[in-house]
There are 2 protein chains.
Amino acid sequence: MGRFDQPVLDFWYEFASTYSYVAAMRIEAMASRHSVVVRWRPFLLGPIFSAQGWTTSPFNLYPAKGRYMWRDVERLCRDFELAFRRPREFPQNSLLAARLALIGAAEGWGEAFAKAVFVAEFGEGREISRPEALGPILTALGLDAGALLARARTDEAVKSRLKSATEEAQSLGIFGAPNFVTEDGELFWGNDRMDEAFAWAAGQGQRPARMPR
Amino acid sequence: MGRFDQPVLDFWYEFASTYSYVAAMRIEAMASRHSVVVRWRPFLLGPIFSAQGWTTSPFNLYPAKGRYMWRDVERLCRDFELAFRRPREFPQNSLLAARLALIGAAEGWGEAFAKAVFVAEFGEGREISRPEALGPILTALGLDAGALLARARTDEAVKSRLKSATEEAQSLGIFGAPNFVTEDGELFWGNDRMDEAFAWAAGQGQRPARMPR
């Protein structure tokens with residue numbers, strides 16, 4: 001249980017993921033409505049995709065799926081009143097942003113940083129793979145951008161924490177993003193499952209017994 | 001527009017698809033709530049999967065995705081109060097059932113047949129690839145099972161209609177199942193998009209302009 005004995009829900013997100021953007025922008029309101037504490041858990045999909053033989057996003061590998069996704073995300077952003085601008089490059093390299101988000105998670109600015117990165121990327125169509133894009137976001141949060149970017153590039157403990165997080169995601173059965181994982185290990189995949197995940201975490205969800213696997 | 005000038009929504013379903021089962025069991029109530037006429041459009045995913053190099057369902061090709069899907073469908077069936085029993089074989093060969101559904105669509109028993117097949121397959125875990133499973137369903141609908149099964153196996157016009165339907169699905173940008181396609185060509189993929197599809201069809205949906213493709 002989280003602070004004040006509130007239930008905890010892990011929000012596993014990937015900066016390269018369009019649906020993670022939509023979920024990231026909605027999750028605070030949902031958390032407060034359900035009195036659930038959300039832990040923001042950045043991870044990388046790249047190694048998970050590689051492990052199943054993909055060299056890029058399935059939205060690039062399968063063009064019909066990709067065309068649909070962009071249209072679907074555009075519709076979702078309209079429904080949820082979120083800015084949307086398709087970036088020229090997809091997926092973007094999210095390594096540096098994810099490392100920064102991990103540093104921020106330990107220092108209390110992880111969520112604000114993550115949301116600002118998502119807005120830059122999919123609300124404004126900007127490139128977030130480069131330090132030139134991430135620096136101003138850090139500065140706007142009142143942080144020392146230069147020092148943090150240097151640390152994100154060199155700090156072995158941070159690198160290793162991101163590696164561990166990605167391995168943990170994989171061991172939880174994660175194969176895409178975003179995901180919500182409850183304290184009892186129930187996995188919900190996709191922005192579409194946010195309602196069910198919060199209901200489950202708050203103890204109001206329908207709970208079929210575990211299936212044999 | 002449909003009868004009584006109601007809007008029409010095409011429901012593209014595949015008998016092998018678990019999420020098509022969930023959608024098929026929900027769609028009548030949704031249609032009457034929105035005053036939308038639903039056209040049931042059976043098609044085959046096999047040729048569409050083959051065209052992108054898959055020899056079976058992605059739920060088999062990618063085990064983590066498959067494990068998640070079975071758990072997710074079990075949860076959805078609980079939420080929607082639908083029977084659920086995982087069949088031993090997946091995906092099942094849906095060719096014969098799809099041809100029968102096309103015959104039924106022209107004769108007024110297509111929807112009842114489709115729902116009965118889905119219930120047998122995913123509500124009772126039965127094999128629906130074989131005539132022995134489909135015959136009793138036809139008989140229970142008061143139809144001549146022997147004659148219909150023979151026709152489904154031999155009638156070239158029926159075979160060709162199914163082929164055309166599958167090609168039409170592909171040309172609409174369909175890459176999975178189920179799907180909902182509005183009269184203005186808007187594609188919604190997945191049981192998760194049923195609400196949005198009906199709202200769109202009924203003219204209550206949010207409509208961003210078409211994106212350049």
# chains A, B, ... in the order shown; residues from 1 in each chain; ligands from 1
call {"tool": "interface_residues", "arguments": {"of": "chain B", "to": "chain A", "cutoff": "10 Å", "atoms": "only C-alpha atoms", "output": "ChimeraX atom specification"}}
result
/B:52,61-65,67-72,74-79,86,170-176,186-189,192-193,196,205-213
call {"tool": "residues_around", "arguments": {"residues": "range 137-141 of chain B", "least_positions_apart": "3", "cutoff": "12 Å", "atoms": "only C-alpha atoms", "output": "MDAnalysis selection string"}}
result
chainID B and resid 97 100:101 103:104 108:121 128 130:134 144:149
call {"tool": "residues_around", "arguments": {"residues": "Gly125 in chain A", "least_positions_apart": "6", "cutoff": "8 Å", "atoms": "only C-alpha atoms", "output": "list of chain:residue names"}}
result
A:Phe84, A:Arg85, A:Arg86, A:Pro87, A:Arg88
call {"tool": "write_last_selection", "arguments": {"atoms": "N, CA and C atoms", "output": "mmCIF file, in the first residue's frame"}}
result
data_model
loop_
_atom_site.group_PDB
_atom_site.id
_atom_site.type_symbol
_atom_site.label_atom_id
_atom_site.label_comp_id
_atom_site.auth_asym_id
_atom_site.auth_seq_id
_atom_site.Cartn_x
_atom_site.Cartn_y
_atom_site.Cartn_z
ATOM 1 N N PHE A 84 -2.148 17.495 -30.309
ATOM 2 C CA PHE A 84 -1.543 16.404 -31.061
ATOM 3 C C PHE A 84 -0.855 16.934 -32.311
ATOM 4 N N ARG A 85 0.395 16.576 -32.443
ATOM 5 C CA ARG A 85 1.113 16.860 -33.683
ATOM 6 C C ARG A 85 2.067 15.711 -33.948
ATOM 7 N N ARG A 86 1.891 15.087 -35.097
ATOM 8 C CA ARG A 86 2.699 13.913 -35.418
ATOM 9 C C ARG A 86 4.142 14.306 -35.677
ATOM 10 N N PRO A 87 5.075 13.728 -34.929
ATOM 11 C CA PRO A 87 6.496 14.044 -35.159
ATOM 12 C C PRO A 87 6.973 13.424 -36.478
ATOM 13 N N ARG A 88 7.985 14.033 -37.084
ATOM 14 C CA ARG A 88 8.482 13.488 -38.350
ATOM 15 C C ARG A 88 9.147 12.136 -38.157
#
call {"tool": "atom_distance", "arguments": {"atom1": "CA of Asn179 in chain A", "atom2": "CA of Trp12 in chain A"}}
result
5.0 Å
call {"tool": "select_by_dssp", "arguments": {"residues": "chain B", "states": "strand (DSSP E)", "output": "PyMOL selection string"}}
result
chain B and resi 8-13+37-42+179-182+187-189
call {"tool": "write_last_selection", "arguments": {"atoms": "N, CA and C atoms", "output": "PDB file, in the first residue's frame"}}
result
ATOM      1  N   VAL B   8     -25.787   3.437 -40.909  1.00  0.00           N
ATOM      2  CA  VAL B   8     -25.345   2.044 -41.004  1.00  0.00           C
ATOM      3  C   VAL B   8     -23.902   1.933 -40.531  1.00  0.00           C
ATOM      4  N   LEU B   9     -23.620   0.893 -39.764  1.00  0.00           N
ATOM      5  CA  LEU B   9     -22.249   0.627 -39.332  1.00  0.00           C
ATOM      6  C   LEU B   9     -21.899  -0.802 -39.740  1.00  0.00           C
ATOM      7  N   ASP B  10     -20.796  -0.968 -40.445  1.00  0.00           N
ATOM      8  CA  ASP B  10     -20.361  -2.318 -40.825  1.00  0.00           C
ATOM      9  C   ASP B  10     -19.537  -2.930 -39.702  1.00  0.00           C
ATOM     10  N   PHE B  11     -19.922  -4.122 -39.300  1.00  0.00           N
ATOM     11  CA  PHE B  11     -19.230  -4.868 -38.244  1.00  0.00           C
ATOM     12  C   PHE B  11     -18.453  -6.001 -38.912  1.00  0.00           C
ATOM     13  N   TRP B  12     -17.158  -5.790 -39.038  1.00  0.00           N
ATOM     14  CA  TRP B  12     -16.284  -6.772 -39.688  1.00  0.00           C
ATOM     15  C   TRP B  12     -15.742  -7.724 -38.623  1.00  0.00           C
ATOM     16  N   TYR B  13     -16.139  -8.986 -38.707  1.00  0.00           N
ATOM     17  CA  TYR B  13     -15.722  -9.926 -37.671  1.00  0.00           C
ATOM     18  C   TYR B  13     -15.115 -11.175 -38.284  1.00  0.00           C
ATOM     19  N   VAL B  37     -28.067   0.933 -37.653  1.00  0.00           N
ATOM     20  CA  VAL B  37     -28.235  -0.388 -38.248  1.00  0.00           C
ATOM     21  C   VAL B  37     -26.858  -1.027 -38.445  1.00  0.00           C
ATOM     22  N   VAL B  38     -26.684  -2.229 -37.928  1.00  0.00           N
ATOM     23  CA  VAL B  38     -25.395  -2.918 -38.056  1.00  0.00           C
ATOM     24  C   VAL B  38     -25.453  -3.940 -39.179  1.00  0.00           C
ATOM     25  N   ARG B  39     -24.467  -3.890 -40.056  1.00  0.00           N
ATOM     26  CA  ARG B  39     -24.320  -4.942 -41.064  1.00  0.00           C
ATOM     27  C   ARG B  39     -23.217  -5.874 -40.631  1.00  0.00           C
ATOM     28  N   TRP B  40     -23.534  -7.136 -40.439  1.00  0.00           N
ATOM     29  CA  TRP B  40     -22.535  -8.112 -40.018  1.00  0.00           C
ATOM     30  C   TRP B  40     -21.737  -8.560 -41.234  1.00  0.00           C
ATOM     31  N   ARG B  41     -20.426  -8.341 -41.211  1.00  0.00           N
ATOM     32  CA  ARG B  41     -19.567  -8.639 -42.354  1.00  0.00           C
ATOM     33  C   ARG B  41     -18.475  -9.639 -41.991  1.00  0.00           C
ATOM     34  N   PRO B  42     -18.755 -10.932 -42.203  1.00  0.00           N
ATOM     35  CA  PRO B  42     -17.689 -11.915 -41.923  1.00  0.00           C
ATOM     36  C   PRO B  42     -16.554 -11.781 -42.932  1.00  0.00           C
ATOM     37  N   ASN B 179     -13.690  -5.076 -36.374  1.00  0.00           N
ATOM     38  CA  ASN B 179     -13.621  -3.684 -36.813  1.00  0.00           C
ATOM     39  C   ASN B 179     -15.029  -3.137 -37.019  1.00  0.00           C
ATOM     40  N   PHE B 180     -15.108  -1.828 -36.937  1.00  0.00           N
ATOM     41  CA  PHE B 180     -16.349  -1.121 -37.216  1.00  0.00           C
ATOM     42  C   PHE B 180     -16.009  -0.049 -38.251  1.00  0.00           C
ATOM     43  N   VAL B 181     -16.769  -0.024 -39.335  1.00  0.00           N
ATOM     44  CA  VAL B 181     -16.498   0.950 -40.390  1.00  0.00           C
ATOM     45  C   VAL B 181     -17.773   1.750 -40.655  1.00  0.00           C
ATOM     46  N   THR B 182     -17.656   3.053 -40.563  1.00  0.00           N
ATOM     47  CA  THR B 182     -18.811   3.933 -40.754  1.00  0.00           C
ATOM     48  C   THR B 182     -19.060   4.185 -42.235  1.00  0.00           C
ATOM     49  N   LEU B 187     -12.532   3.950 -39.844  1.00  0.00           N
ATOM     50  CA  LEU B 187     -12.254   2.609 -39.332  1.00  0.00           C
ATOM     51  C   LEU B 187     -11.971   2.647 -37.837  1.00  0.00           C
ATOM     52  N   PHE B 188     -12.661   1.791 -37.101  1.00  0.00           N
ATOM     53  CA  PHE B 188     -12.401   1.623 -35.667  1.00  0.00           C
ATOM     54  C   PHE B 188     -12.060   0.155 -35.440  1.00  0.00           C
ATOM     55  N   TRP B 189     -10.902  -0.086 -34.858  1.00  0.00           N
ATOM     56  CA  TRP B 189     -10.430  -1.457 -34.672  1.00  0.00           C
ATOM     57  C   TRP B 189     -10.567  -1.867 -33.217  1.00  0.00           C
TER      58      TRP B 189
END
call {"tool": "residues_around", "arguments": {"residues": "Val158 in chain B", "least_positions_apart": "4", "cutoff": "7 Å", "atoms": "only C-alpha atoms", "output": "list in words"}}
result
Arg99, Ala152 and Leu162 of chain B
call {"tool": "select_by_dssp", "arguments": {"residues": "chain A", "states": "alpha helix (DSSP H)", "output": "ChimeraX atom specification"}}
result
/A:18-34,46-51,58-61,63-79,95-107,110-118,131-140,145-154,156-171,194-201
